[in-house]
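Engineer: After the C-alpha cells below, expect a handful of questions from me.
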Number of protein chains: 4
Amino acid sequence: MASLGENSWGKSAVRISKVLRGEDQDGFLDLEVQVLMSGDVAAAYHEGDNSAVLPTDTTRNTIYGLAQEQLGADLESFGAVLTRHMLAKDGIESVTASIKGRRWDRETPTGFTGGSSERRLAVVRQSAGGDPEVEAGIEGLIVLKTGGSAFTGFPRDEFTILPEAEDRLLSTSINARWAYSSVPADSTGVWNRIRGILLQRFFEDWSASVQHQGWLMAQAVLDSVLEVSSVTFELPNQHHLTFDLDRFGIEDNKTVFHPVSEPYGDIRFTVNR
Amino acid sequence: MASLGENSWGKSAVRISKVLRGEDQDGFLDLEVQVLMSGDVAAAYHEGDNSAVLPTDTTRNTIYGLAQEQLGADLESFGAVLTRHMLAKDGIESVTASIKGRRWDRETPTGFTGGSSERRLAVVRQSAGGDPEVEAGIEGLIVLKTGGSAFTGFPRDEFTILPEAEDRLLSTSINARWAYSSVPADSTGVWNRIRGILLQRFFEDWSASVQHQGWLMAQAVLDSVLEVSSVTFELPNQHHLTFDLDRFGIEDNKTVFHPVSEPYGDIRFTVNR
Amino acid sequence: MASLGENSWGKSAVRISKVLRGEDQDGFLDLEVQVLMSGDVAAAYHEGDNSAVLPTDTTRNTIYGLAQEQLGADLESFGAVLTRHMLAKDGIESVTASIKGRRWDRETPTGFTGGSSERRLAVVRQSAGGDPEVEAGIEGLIVLKTGGSAFTGFPRDEFTILPEAEDRLLSTSINARWAYSSVPADSTGVWNRIRGILLQRFFEDWSASVQHQGWLMAQAVLDSVLEVSSVTFELPNQHHLTFDLDRFGIEDNKTVFHPVSEPYGDIRFTVNR
Amino acid sequence: MASLGENSWGKSAVRISKVLRGEDQDGFLDLEVQVLMSGDVAAAYHEGDNSAVLPTDTTRNTIYGLAQEQLGADLESFGAVLTRHMLAKDGIESVTASIKGRRWDRETPTGFTGGSSERRLAVVRQSAGGDPEVEAGIEGLIVLKTGGSAFTGFPRDEFTILPEAEDRLLSTSINARWAYSSVPADSTGVWNRIRGILLQRFFEDWSASVQHQGWLMAQAVLDSVLEVSSVTFELPNQHHLTFDLDRFGIEDNKTVFHPVSEPYGDIRFTVNR
C-alpha cells in the first residue's frame with residue numbers, strides 16, 4: 001500500500017515591502033518570503049480532510065500581519081518570528097521560513113536605486129549619403145522614493161475605486177531616450193551627467209503624477225544639455241499596494257506594502273525642445 | 001521652450017481569465033491586456049493637474065468590469081468594446097487596446113493543458129562500483145480545470161480570510177519525479193503512459209485540496225507502473241482570484257478571474273510504495 | 001582547521017539537439033544536460049593543483065561527442081552512458097547526469113512545433129470620430145524543420161566565414177501581424193485558418209532563406225484571406241550550430257547540433273496586397 | 001499582386017565584452033549589439049536570390065572584428081563605426097546599430113561587480129520543541145576580474161581541447177550560504193562584513209581555479225566570523241570565450257570576448273570549520 005512520505009505546504013514568492021520610517025531618513029525593505037510547514041496532515045491526502053491544513057492564503061496574510069510590528073533590517077529575526085508563530089499552532093511540527101531581500105542602494109534620505117537591470121543605450125541610424133542620427137538613453141534604471149509624490153484630483157467613473165493619495169510611495173523603472181542634434185565630444189561623460197540629472201529630479205522634486213514627475217525630469221535634461229533636441233520616456237508605475245491590515249484587527253500604519261510587477265501603469269511621452 | 005510631444009497612458013500587463021460556461025463543455029480564456037489612451041492632458045504634465053487623467057487603475061477595473069458581459073472568443077471584438085468605451089469619455093482622443101491570448105489545449109470538456117514550459121526529466125546517479133539509480137519526471141506541465149475541485153473545512157485563525165470553496169477553478173504546474181526500482185525497457189513509452197495517467201486523474205477526479213488531488217495521482221502511478229518505487233510532487237497552486245465586480249454595481253457571476261503568478265500555494269510531498 | 005565537505009563540479013545548461021534521421025520521418029531531440037562529478041580533488045581546493053580536475057569544458061565536449069552514437073529517445077539510457085563514461089576515469093567517485101527534454105510536437109514527417117510561448121494577438125486602434133483599425137497576429141509560434149531549407153549564393157567579405165548550406169535545419173519563432181481591411185465575422189475561425197496556412201507553408205515549401213520562406217508564407221495568407229491587407233513578419237533565425245566532432249576523431253554525420261538563443265538572425269518585413 | 005514593403009535584416013543580441021587595458025586600471029565593457037540593414041533585396045524574397053543578402057553571421061563577425069580597434073567607452077562612436085562600415089557595401093541603403101551596455105561597478109583596478117540580481121538570504125528552520133537553525137547567505141552577486149586567475153595542469157582526454165590558461169578573465173555569480181552556530185547580535189552588520197570579505201578575497205587573491213578561489217574565500221569567512229560553522233558555495237563559471245579574430249586576418253590581442261550564459265562550469269562545495 002502506498003504511504004505518505006516527506007511532505008510540506010505553505011506559500012512561496014510572497015512579495016512584501018516595508019518602509020522603515022526614521023527621523024533623518026527612511027529605510028526600505030523589499031522581500032520575497034517563503035514559509036513551508038510540515039505536520040500531521042495525512043488525512044488531507046488520504047481522505048480530503050482539511051481540518052489540519054492551515055490555508056496557504058493564511059500563511060501569506062500572516063507574513064503581512066506580523067511584518068508591521070516585527071520586521072526590521074535583521075531578516076534572520078523575522079524568519080524566527082515566523083517559525084515561532086507557526087509552530088505555536090496545533091499540529092504543526094516543523095517550519096522553514098526563507099527570505100530573500102532585494103538590494104536597494106540609498107541615494108538620498110528617502111530615495112533608492114535598485115539598479116539591477118540598468119542598461120546604457122546608444123542607437124545610430126544612417127542612410128546612404130546621409131549623416132548618422134544618434135540617440136542615447138538609459139533603460140531599466142529602477143528608482144523608488146518613500147515620499148514626495150501624490151495623485152489626487154483625477155476624474156472618477158463607475159469603475160474608479162482608487163483613493164486620492166496625498167502622499168504615496170513612488171517607484172518606476174526609468175526608460176529614457178534622447179536625440180542629439182550634435183553628438184557631444186565626451187558622450188560618455190554627458191551620459192553620466194544626464195543620468196545624474198534624472199535621479200536628482202526624481203528624488204528632489206515633489207510630483208503630482210508620473211506624468212508631472214517625468215515632465216520635470218525632461219525639462220531639466222533639455223535645460224542642462226544643449227545638444228539634446230528631444231527626450232522620450234517610458235515610465236511604468238510599479239505599484240506598491242496597501243494590504244489592509246485592518247481586516248486582521250491590526251491598525252494599518254501604512255508602512256507595509258504588496259509590490260506587484262503586473263499590471264503596471266504605463267506612461268509614455270516625448271518632450272521636444 | 002519645451003513642448004509636450006506624442007504621449008499616452010494606460011495600464012499594461014493586465015492579466016484576466018474567463019470561463020466560458022457551456023452546456024457540454026467550458027471554454028477558457030487567459031489574456032494579457034493593455035489599454036493605452038491619448039488625449040488632452042498637457043496640464044497634467046505642466047501643472048500637475050490630473051483632472052483629465054483617468055487613473056490607470058480605472059483602466060484596469062474597466063477591463064474586468066466589461067469582460068463579464070462582453071468578452072468572448074473573438075478577441076478583436078473585445079478590443080473594439082474597450083476602445084469604444086474609453087473614447088466615449090471626455091477628453092480621450094485615441095485609444096489602443098492590445099490583447100494577447102495564451103494558448104490552452106483542450107483535454108476534456110472542462111480540462112486544459114498549457115504545455116508551454118513542459119520538460120521531460122531523466123536523472124541518473126551512479127557511484128564507483130555501484131549500479132545507476134534512475135529517476136524520470138516531468139516538469140512544468142501546466143493544467144487547469146474549471147470545476148471538480150473544492151477547499152473547505154480548513155482551520156481558521158486571526159489571519160484567515162479565505163472563504164470556503166465548494167467548487168473552484170484549479171490550476172497547477174505538475175512537477176513530478178518518480179524513482180525506478182528497475183528501469184523499464186521502453187522508458188519513453190512508460191514516460192508517456194505516466195504523463196497520461198497524471199492528466200487523467202487530474203481532470204477526472206474530484207479533489208478536496210491540492211494535496212488530495214496529488215495523492216490520487218500518485219496512487220494511480222504506483223498502481224499502474226510496477227517499476228516505480230516512489231513519486232515526489234511539487235504542485236504550485238496557481239491562483240485565479242475573483243475580482244469582486246460587485247464593487248462596480250455588477251452582479252459577479254464568478255466567470256471572470258485575476259490569475260496571479262505570485263504568490264502561489266506550494267505543496268510538496270513524496271508517496272512511497 | 002577548515003575541511004572540505006561535500007563537493008562536485010561539472011557543466012550545467014549544456015544545450016544539445018539531435019536529428020534522428022528515419023526512413024519515413026525524422027525525430028528531433030532538444031535537450032539541456034547537466035553532468036556533475038565528485039571525486040578526490042581536495043588538492044585543487046587546498047593547493048590549486050588541477051591534476052584531478054577534468055575541465056568542465058571537457059564534460060561539455062563529452063556530451064556532444066557521445067551523443068552522435070548513443071543518444072536516442074530514451075533519455076535514461078543516455079544518462080547512464082554519461083555516468084558510466086565519467087566513472088571510468090581515474091579519481092571520479094560519483095556522477096549525476098540530469099537531462100531535460102523540451103517538448104516538440106510533430107506536425108509533418110520533418111516538421112515540429114514547440115508552442116510554448118505562443119500567443120494570439122488582437123490590436124484595435126481607434127480615434128475620436130473614426131472607425132476601429134484592427135490587426136490580428138500570432139507571437140512566438142516556434143517551428144523547426146529538419147530539411148527543406150538552404151542558404152547559398154550570398155556575398156562574401158573579409159568577415160564572412162559562413163559556409164554555403166544546401167540543406168540545413170531551419171527554426172524560427174513566427175511573429176506575424178496582419179491588418180484587416182474589414183474584420184471577418186468569425187475572426188477566431190479566420191485566425192485559426194491563418195495559423196494553419198503559416199504552418200503549412202513553413203513545413204511544405206522549400207526555401208532559399210528566411211526571407212524567401214517568409215515571402216511564401218505572406219503570399220499564401222494574402223491569397224487565402226481577402227480581408228487581410230498586409231502582413232508583417234519578425235522571424236528570428238534560431239540557429240542550430242554544428243559542433244565539429246571531427247576535432248575528437250569522430251566523423252561528424254551532421255545530426256548533432258548546438259542550439260543557441262543568442263545571437264539570432266533578425267529578419268523583418270511587411271508584404272502589402 | 002503582393003509587394004514587398006518595409007524590410008530589414010541583420011543580427012540581434014550579439015553579446016560582446018572588451019577589456020580596456022590601462023596602465024593603472026583596466027576598463028570593462030559588456031555589450032549587447034544589434035545591427036539591422038535595409039537595401040535592395042527584393043530578389044531574395046521573390047526568387048530566393050541571396051546575392052545581395054550579407055549573411056547575418058557576417059554582421060556578427062563584423063561587430064567582433066571592428067571592436068578590437070575601434071570600440072571604446074563612447075558607445076555612440078562605435079555605433080557610427082558600424083553604420084559607416086555597413087553602408088560602404090554595395091546595395092546597403094540604411095543601417096541601424098543599437099548598443100546596450102550592461103552596468104559594471106568598479107571595485108578595484110581590475111575588479112567589477114554587476115550587482116543586478118543580488119539577493120540577501122536568511123533561512124530559519126525550526127521544529128517543535130527545538131531551537132531555530134539559522135543560515136544566512138548571498139545569491140547572485142556577480143563579480144568579474146580581468147586578471148589574477150589561471151587554469152592549468154588539468155588532465156586531458158580525447159574530448160579535451162581547452163588550452164592551458166596562465167592568465168584569464170574570471171567571472172562568476174557568488175552564491176553562498178553560511179550556517180550560524182549562534183546568530184550574531186547584529187546579523188545585518190555581520191552579513192555586510194561577510195559580503196566585503198567575499199569581494200576582497202575574490203579580487204585580491206590569485207587563484208588556480210574556481211575551486212581554489214572559492215576555498216580562499218571560504219577560509220577567510222571562517223577565520224573572520226567565529227559564529228559561522230560552515231560555508232556552502234555554488235559558483236557558476238561564467239565564461240568569456242575568445243572569438244578568434246585571426247580568422248579575419250586580425251592579430252587577436254585577447255581583449256575582445258564572447259560572453260555566454262550557457263553552458264556554464266558548475267562548481268559546488270561546502271567548507272566546514
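Scheme for the C-alpha cells: letters A, B, ... for chains in order shown; per-chain residue numbers from 1; ligand numbers from 1 in order shown.
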Residues of chain B within 7 Å of chain A, counting only C-alpha atoms - could you list those as a tab-separated table (two decimals) with C-alpha atoms, in the first residue's frame?

Structural biologist:
chain	number	residue	atom	x	y	z
B	1	MET	CA	10.62	76.33	-24.51
B	2	ALA	CA	9.89	72.69	-24.11
B	3	SER	CA	6.68	71.31	-25.56
B	4	LEU	CA	4.87	68.06	-24.98
B	5	GLY	CA	5.03	65.72	-27.98
B	6	GLU	CA	3.37	62.38	-28.57
B	7	ASN	CA	2.15	60.84	-25.34
B	8	SER	CA	-0.11	58.15	-23.94
B	9	TRP	CA	-1.08	56.50	-20.67
B	10	GLY	CA	-2.97	53.45	-19.53
B	11	LYS	CA	-2.45	50.02	-18.00
B	12	SER	CA	-0.23	47.25	-19.29
B	13	ALA	CA	0.07	43.58	-18.42
B	14	VAL	CA	-3.47	43.25	-17.07
B	44	ALA	CA	-1.07	67.13	-16.04
B	45	TYR	CA	2.46	67.41	-17.35
B	46	HIS	CA	2.88	71.17	-16.98
B	48	GLY	CA	0.29	68.52	-12.09
B	50	ASN	CA	-4.92	65.46	-13.02
B	51	SER	CA	-8.49	66.44	-13.85
B	52	ALA	CA	-8.26	64.80	-17.29
B	53	VAL	CA	-6.13	61.82	-16.30
B	54	LEU	CA	-8.32	58.75	-15.95
B	55	PRO	CA	-6.39	56.64	-13.43
B	56	THR	CA	-4.67	53.61	-14.88
B	57	ASP	CA	-6.27	51.71	-12.01
B	58	THR	CA	-9.64	52.60	-13.50
B	61	ASN	CA	-11.03	47.83	-13.49
B	62	THR	CA	-12.80	48.64	-16.73
B	152	THR	CA	-13.39	23.55	2.68
B	153	GLY	CA	-13.18	22.59	6.33
B	154	PHE	CA	-9.78	24.13	6.96
B	155	PRO	CA	-8.82	25.67	10.31
B	158	GLU	CA	-6.92	35.64	13.14
B	159	PHE	CA	-5.27	35.88	9.74
B	160	THR	CA	-7.70	33.67	7.86
B	162	LEU	CA	-10.15	32.77	2.71
B	208	ALA	CA	-10.75	18.33	-1.77
B	209	SER	CA	-7.37	20.05	-1.95
B	211	GLN	CA	-2.84	17.53	-1.50
B	212	HIS	CA	-5.81	15.22	-2.09
B	215	TRP	CA	-2.40	11.77	-3.62
B	219	GLN	CA	-1.57	6.32	-6.20
B	248	PHE	CA	-18.90	48.33	-9.64
B	262	GLU	CA	2.96	35.11	-7.31
B	263	PRO	CA	2.45	34.28	-4.55
B	264	TYR	CA	1.49	30.66	-5.02
B	265	GLY	CA	0.48	27.89	-2.68
B	266	ASP	CA	3.41	25.49	-2.52
B	267	ILE	CA	2.52	21.82	-1.95
B	268	ARG	CA	5.28	19.20	-1.89
B	269	PHE	CA	5.19	15.54	-0.97
B	270	THR	CA	6.51	12.07	-1.63
B	271	VAL	CA	4.45	8.90	-1.84
B	272	ASN	CA	6.29	5.62	-1.32
B	273	ARG	CA	5.14	2.20	-2.42

Engineer: Based on the backbone DSSP call, show me all residues of segment 105-190 of chain B assigned strand (DSSP E or B), as a PyMOL selection string.

Structural biologist: chain B and resi 105-108+111-113+119-127+133-145+149+151+165+170-180

Engineer: DSSP on the backbone: what in segment 29-171 of chain B comes out helix (DSSP H, G or I), as a VMD selection string?

Structural biologist: chain B and resid 42 to 47 56 to 70 75 to 87 115 to 117

Engineer: I need the residues from that last selection saved to file as a short mmCIF file (atom, residue, chain, number, x, y, z; two decimals), in the first residue's frame (with N, CA and C atoms), if you can.

Structural biologist:
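Final output, again-v1.cif:
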data_model
loop_
_atom_site.label_atom_id
_atom_site.label_comp_id
_atom_site.auth_asym_id
_atom_site.auth_seq_id
_atom_site.Cartn_x
_atom_site.Cartn_y
_atom_site.Cartn_z
N ALA B 42 -2.11 67.89 -21.30
CA ALA B 42 -0.91 68.72 -21.15
C ALA B 42 -0.84 69.35 -19.76
N ALA B 43 -2.00 69.68 -19.20
CA ALA B 43 -1.99 70.32 -17.87
C ALA B 43 -1.44 69.38 -16.80
N ALA B 44 -1.64 68.09 -17.00
CA ALA B 44 -1.07 67.13 -16.04
C ALA B 44 0.45 67.19 -16.05
N TYR B 45 1.01 67.33 -17.24
CA TYR B 45 2.46 67.41 -17.35
C TYR B 45 2.98 68.76 -16.83
N HIS B 46 2.34 69.83 -17.28
CA HIS B 46 2.88 71.17 -16.98
C HIS B 46 2.61 71.59 -15.54
N GLU B 47 1.41 71.24 -15.05
CA GLU B 47 1.00 71.83 -13.77
C GLU B 47 0.62 70.79 -12.73
N THR B 56 -4.92 54.89 -14.23
CA THR B 56 -4.67 53.61 -14.88
C THR B 56 -5.32 52.49 -14.09
N ASP B 57 -5.54 52.70 -12.80
CA ASP B 57 -6.27 51.71 -12.01
C ASP B 57 -7.70 51.55 -12.53
N THR B 58 -8.30 52.66 -12.93
CA THR B 58 -9.64 52.60 -13.50
C THR B 58 -9.61 51.83 -14.84
N THR B 59 -8.58 52.07 -15.61
CA THR B 59 -8.43 51.34 -16.87
C THR B 59 -8.46 49.84 -16.61
N ARG B 60 -7.70 49.43 -15.61
CA ARG B 60 -7.68 48.02 -15.26
C ARG B 60 -9.07 47.53 -14.84
N ASN B 61 -9.72 48.27 -13.97
CA ASN B 61 -11.03 47.83 -13.49
C ASN B 61 -12.02 47.73 -14.64
N THR B 62 -11.90 48.65 -15.59
CA THR B 62 -12.80 48.64 -16.73
C THR B 62 -12.68 47.34 -17.52
N ILE B 63 -11.45 46.89 -17.68
CA ILE B 63 -11.23 45.64 -18.42
C ILE B 63 -11.96 44.48 -17.74
N TYR B 64 -11.82 44.38 -16.43
CA TYR B 64 -12.51 43.31 -15.70
C TYR B 64 -14.03 43.52 -15.76
N GLY B 65 -14.44 44.80 -15.58
CA GLY B 65 -15.86 45.09 -15.49
C GLY B 65 -16.59 44.78 -16.79
N LEU B 66 -15.98 45.09 -17.91
CA LEU B 66 -16.64 44.85 -19.19
C LEU B 66 -16.50 43.40 -19.64
N ALA B 67 -15.56 42.69 -19.06
CA ALA B 67 -15.29 41.32 -19.55
C ALA B 67 -16.44 40.37 -19.27
N GLN B 68 -17.09 40.53 -18.13
CA GLN B 68 -18.12 39.54 -17.78
C GLN B 68 -19.21 39.49 -18.85
N GLU B 69 -19.65 40.65 -19.31
CA GLU B 69 -20.72 40.68 -20.31
C GLU B 69 -20.21 40.50 -21.73
N GLN B 70 -19.02 41.02 -22.02
CA GLN B 70 -18.70 41.25 -23.42
C GLN B 70 -17.45 40.54 -23.94
N LEU B 75 -11.30 37.95 -29.80
CA LEU B 75 -10.59 38.98 -29.05
C LEU B 75 -10.70 40.34 -29.72
N GLU B 76 -10.78 40.32 -31.05
CA GLU B 76 -10.91 41.57 -31.79
C GLU B 76 -12.15 42.34 -31.35
N SER B 77 -13.24 41.62 -31.11
CA SER B 77 -14.48 42.27 -30.68
C SER B 77 -14.31 42.92 -29.31
N PHE B 78 -13.67 42.22 -28.42
CA PHE B 78 -13.49 42.80 -27.08
C PHE B 78 -12.54 44.00 -27.14
N GLY B 79 -11.54 43.94 -28.01
CA GLY B 79 -10.68 45.10 -28.21
C GLY B 79 -11.49 46.32 -28.63
N ALA B 80 -12.44 46.12 -29.54
CA ALA B 80 -13.26 47.24 -30.02
C ALA B 80 -14.21 47.72 -28.92
N VAL B 81 -14.69 46.81 -28.08
CA VAL B 81 -15.51 47.22 -26.92
C VAL B 81 -14.71 48.18 -26.04
N LEU B 82 -13.46 47.84 -25.81
CA LEU B 82 -12.62 48.66 -24.94
C LEU B 82 -12.32 50.03 -25.54
N THR B 83 -11.97 50.05 -26.82
CA THR B 83 -11.64 51.36 -27.42
C THR B 83 -12.89 52.24 -27.44
N ARG B 84 -14.05 51.66 -27.76
CA ARG B 84 -15.29 52.44 -27.83
C ARG B 84 -15.65 53.00 -26.45
N HIS B 85 -15.53 52.17 -25.44
CA HIS B 85 -15.86 52.61 -24.08
C HIS B 85 -14.99 53.78 -23.65
N MET B 86 -13.72 53.69 -23.94
CA MET B 86 -12.80 54.73 -23.49
C MET B 86 -13.00 56.02 -24.28
N LEU B 87 -13.23 55.86 -25.58
CA LEU B 87 -13.41 57.06 -26.43
C LEU B 87 -14.64 57.85 -26.05
N GLY B 115 0.88 23.76 -22.23
CA GLY B 115 2.09 22.99 -22.03
C GLY B 115 3.37 23.71 -22.30
N SER B 116 3.31 24.99 -22.35
CA SER B 116 4.46 25.79 -22.76
C SER B 116 5.79 25.30 -22.24
N SER B 117 5.86 25.18 -20.97
CA SER B 117 7.19 25.03 -20.40
C SER B 117 7.48 23.58 -20.05
#

Engineer: For segment 105-109 of chain B, please output as a PDB file with C-alpha atoms, in the first residue's frame all residues within 10 Å (counting only C-alpha atoms; exclusion window: fewer than 6 positions along the same chain).

Structural biologist:
ATOM      1  CA  GLY B  22     -21.279  25.882 -21.822  1.00  0.00           C
ATOM      2  CA  GLU B  23     -23.756  23.064 -21.772  1.00  0.00           C
ATOM      3  CA  ASP B  24     -21.435  20.350 -22.960  1.00  0.00           C
ATOM      4  CA  GLN B  25     -18.114  21.895 -22.187  1.00  0.00           C
ATOM      5  CA  ASP B  26     -16.494  25.004 -20.802  1.00  0.00           C
ATOM      6  CA  GLY B  27     -14.254  27.335 -22.721  1.00  0.00           C
ATOM      7  CA  PHE B  28     -11.357  29.149 -21.107  1.00  0.00           C
ATOM      8  CA  GLY B 115       2.090  22.990 -22.030  1.00  0.00           C
ATOM      9  CA  VAL B 143      -3.070  22.057 -16.157  1.00  0.00           C
ATOM     10  CA  LEU B 144      -6.329  23.786 -15.364  1.00  0.00           C
ATOM     11  CA  LYS B 145      -9.839  22.601 -14.750  1.00  0.00           C
ATOM     12  CA  THR B 146     -12.904  24.758 -14.464  1.00  0.00           C
ATOM     13  CA  LEU B 199      -3.574  14.135 -16.729  1.00  0.00           C
ATOM     14  CA  GLN B 200      -6.440  11.652 -16.477  1.00  0.00           C
ATOM     15  CA  PHE B 203      -9.071  16.017 -14.913  1.00  0.00           C
ATOM     16  CA  GLU B 204     -11.371  13.178 -13.875  1.00  0.00           C
TER      17      GLU B 204
END

Engineer: Near Ala73 of chain C, counting only C-alpha atoms, which residues have an atom at most 12 Å away, once you skip same-chain residues fewer than 4 positions from it, shown as number ranges by chain?

Structural biologist: B: 120, 122, 186-189, 191-192; C: 17-20, 26-31, 67, 77-79, 99, 101

Engineer: Would you mind exporting N, CA and C atoms of the selected residues as a PDB file, in the first residue's frame?

Structural biologist:
ATOM      1  N   ARG B 120      10.558  16.979 -20.120  1.00  0.00           N
ATOM      2  CA  ARG B 120      10.741  15.613 -19.632  1.00  0.00           C
ATOM      3  C   ARG B 120      12.077  15.536 -18.911  1.00  0.00           C
ATOM      4  N   ALA B 122      15.154  13.217 -16.935  1.00  0.00           N
ATOM      5  CA  ALA B 122      15.783  11.932 -16.636  1.00  0.00           C
ATOM      6  C   ALA B 122      17.023  12.238 -15.812  1.00  0.00           C
ATOM      7  N   ASP B 186      11.174   0.013 -22.263  1.00  0.00           N
ATOM      8  CA  ASP B 186      10.731   1.132 -23.099  1.00  0.00           C
ATOM      9  C   ASP B 186      10.474   2.338 -22.200  1.00  0.00           C
ATOM     10  N   SER B 187      11.553   2.998 -21.787  1.00  0.00           N
ATOM     11  CA  SER B 187      11.371   4.054 -20.785  1.00  0.00           C
ATOM     12  C   SER B 187      10.637   5.257 -21.363  1.00  0.00           C
ATOM     13  N   THR B 188      10.719   5.452 -22.674  1.00  0.00           N
ATOM     14  CA  THR B 188       9.978   6.558 -23.284  1.00  0.00           C
ATOM     15  C   THR B 188       8.484   6.249 -23.318  1.00  0.00           C
ATOM     16  N   GLY B 189       8.149   5.025 -23.665  1.00  0.00           N
ATOM     17  CA  GLY B 189       6.747   4.629 -23.669  1.00  0.00           C
ATOM     18  C   GLY B 189       6.134   4.710 -22.275  1.00  0.00           C
ATOM     19  N   TRP B 191       7.141   6.635 -19.872  1.00  0.00           N
ATOM     20  CA  TRP B 191       7.015   8.054 -19.525  1.00  0.00           C
ATOM     21  C   TRP B 191       5.710   8.615 -20.082  1.00  0.00           C
ATOM     22  N   ASN B 192       5.436   8.295 -21.332  1.00  0.00           N
ATOM     23  CA  ASN B 192       4.189   8.785 -21.940  1.00  0.00           C
ATOM     24  C   ASN B 192       2.962   8.236 -21.211  1.00  0.00           C
TER      25      ASN B 192
ATOM     26  N   SER C  17      20.972  19.490 -29.482  1.00  0.00           N
ATOM     27  CA  SER C  17      19.842  18.965 -30.240  1.00  0.00           C
ATOM     28  C   SER C  17      20.342  17.861 -31.160  1.00  0.00           C
ATOM     29  N   LYS C  18      19.448  16.939 -31.504  1.00  0.00           N
ATOM     30  CA  LYS C  18      19.842  15.851 -32.384  1.00  0.00           C
ATOM     31  C   LYS C  18      18.684  15.488 -33.297  1.00  0.00           C
ATOM     32  N   VAL C  19      19.008  15.342 -34.571  1.00  0.00           N
ATOM     33  CA  VAL C  19      18.035  14.837 -35.543  1.00  0.00           C
ATOM     34  C   VAL C  19      18.182  13.326 -35.595  1.00  0.00           C
ATOM     35  N   LEU C  20      17.073  12.629 -35.375  1.00  0.00           N
ATOM     36  CA  LEU C  20      17.076  11.172 -35.509  1.00  0.00           C
ATOM     37  C   LEU C  20      16.537  10.861 -36.904  1.00  0.00           C
ATOM     38  N   ASP C  26      11.690  12.043 -39.639  1.00  0.00           N
ATOM     39  CA  ASP C  26      12.787  12.335 -38.730  1.00  0.00           C
ATOM     40  C   ASP C  26      12.252  12.531 -37.319  1.00  0.00           C
ATOM     41  N   GLY C  27      13.044  12.155 -36.350  1.00  0.00           N
ATOM     42  CA  GLY C  27      12.768  12.532 -34.974  1.00  0.00           C
ATOM     43  C   GLY C  27      13.634  13.722 -34.600  1.00  0.00           C
ATOM     44  N   PHE C  28      13.305  14.373 -33.504  1.00  0.00           N
ATOM     45  CA  PHE C  28      14.098  15.528 -33.103  1.00  0.00           C
ATOM     46  C   PHE C  28      14.147  15.599 -31.584  1.00  0.00           C
ATOM     47  N   LEU C  29      15.349  15.721 -31.055  1.00  0.00           N
ATOM     48  CA  LEU C  29      15.543  15.877 -29.615  1.00  0.00           C
ATOM     49  C   LEU C  29      16.192  17.218 -29.333  1.00  0.00           C
ATOM     50  N   ASP C  30      15.734  17.882 -28.290  1.00  0.00           N
ATOM     51  CA  ASP C  30      16.264  19.197 -27.911  1.00  0.00           C
ATOM     52  C   ASP C  30      16.419  19.167 -26.393  1.00  0.00           C
ATOM     53  N   LEU C  31      17.660  19.042 -25.948  1.00  0.00           N
ATOM     54  CA  LEU C  31      17.923  18.722 -24.549  1.00  0.00           C
ATOM     55  C   LEU C  31      18.774  19.783 -23.861  1.00  0.00           C
ATOM     56  N   ALA C  67      26.943  11.829 -28.009  1.00  0.00           N
ATOM     57  CA  ALA C  67      25.542  11.905 -28.448  1.00  0.00           C
ATOM     58  C   ALA C  67      25.341  11.319 -29.840  1.00  0.00           C
ATOM     59  N   SER C  77      18.682   6.126 -20.882  1.00  0.00           N
ATOM     60  CA  SER C  77      19.827   5.364 -21.376  1.00  0.00           C
ATOM     61  C   SER C  77      21.032   6.266 -21.610  1.00  0.00           C
ATOM     62  N   PHE C  78      20.785   7.433 -22.183  1.00  0.00           N
ATOM     63  CA  PHE C  78      21.904   8.327 -22.446  1.00  0.00           C
ATOM     64  C   PHE C  78      22.490   8.845 -21.131  1.00  0.00           C
ATOM     65  N   GLY C  79      21.623   9.076 -20.153  1.00  0.00           N
ATOM     66  CA  GLY C  79      22.117   9.448 -18.826  1.00  0.00           C
ATOM     67  C   GLY C  79      23.079   8.408 -18.280  1.00  0.00           C
ATOM     68  N   ILE C  99      18.999  15.305 -17.386  1.00  0.00           N
ATOM     69  CA  ILE C  99      18.639  15.687 -18.752  1.00  0.00           C
ATOM     70  C   ILE C  99      17.215  16.221 -18.748  1.00  0.00           C
ATOM     71  N   GLY C 101      14.356  17.358 -21.451  1.00  0.00           N
ATOM     72  CA  GLY C 101      13.988  17.389 -22.867  1.00  0.00           C
ATOM     73  C   GLY C 101      12.851  18.356 -23.111  1.00  0.00           C
TER      74      GLY C 101
END

Engineer: Can you list, as a ChimeraX atom specification, every protein, DNA or RNA residue that comes within 8 Å of Ile197 of chain B when you count only C-alpha atoms, leaving out same-chain residues fewer than 6 positions away?

Structural biologist: /B:217,220-221

Engineer: Kindly give the distance, in Å, that separates atom CA of Arg177 of chain D and atom CA of Asp74 of chain A, rounded to a single decimal.

Structural biologist: 16.0 Å

Engineer: Quote the spacing between atom CA of Tyr180 of chain C and atom CA of Val95 of chain B in Å to one decimal place.

Structural biologist: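 A separation of 17.7 Å between them.
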
Engineer: My list of candidates is C:Arg195, C:Val183, C:Glu227, C:Phe257. Which is closest to Pro132 of chain C when distances are computed with only C-alpha atoms?

Structural biologist: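 For Pro132 of chain C, the nearest of the candidates is C:Val183.
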
Engineer: I'd like the contact shell of Ile138 of chain D - 6 Å cut-off, only C-alpha atoms, skipping same-chain residues fewer than 6 positions apart - returned as a VMD selection string.

Structural biologist: chain D and resid 119 to 121 175 to 176

Engineer: Could you check the closest approach to Val228 of chain C for each of C:Val124, C:Ile194, C:Ala97, C:Ile142 and tell me which residue wins, using only C-alpha atoms?

Structural biologist: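 Among the listed residues, C:Ile194 lies closest to Val228 of chain C.
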
Engineer: In Å, how far is it from atom CA of Phe112 of chain A to atom CA of His240 of chain A?

Structural biologist: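 Going from atom CA of Phe112 of chain A over to atom CA of His240 of chain A covers 14.6 Å.
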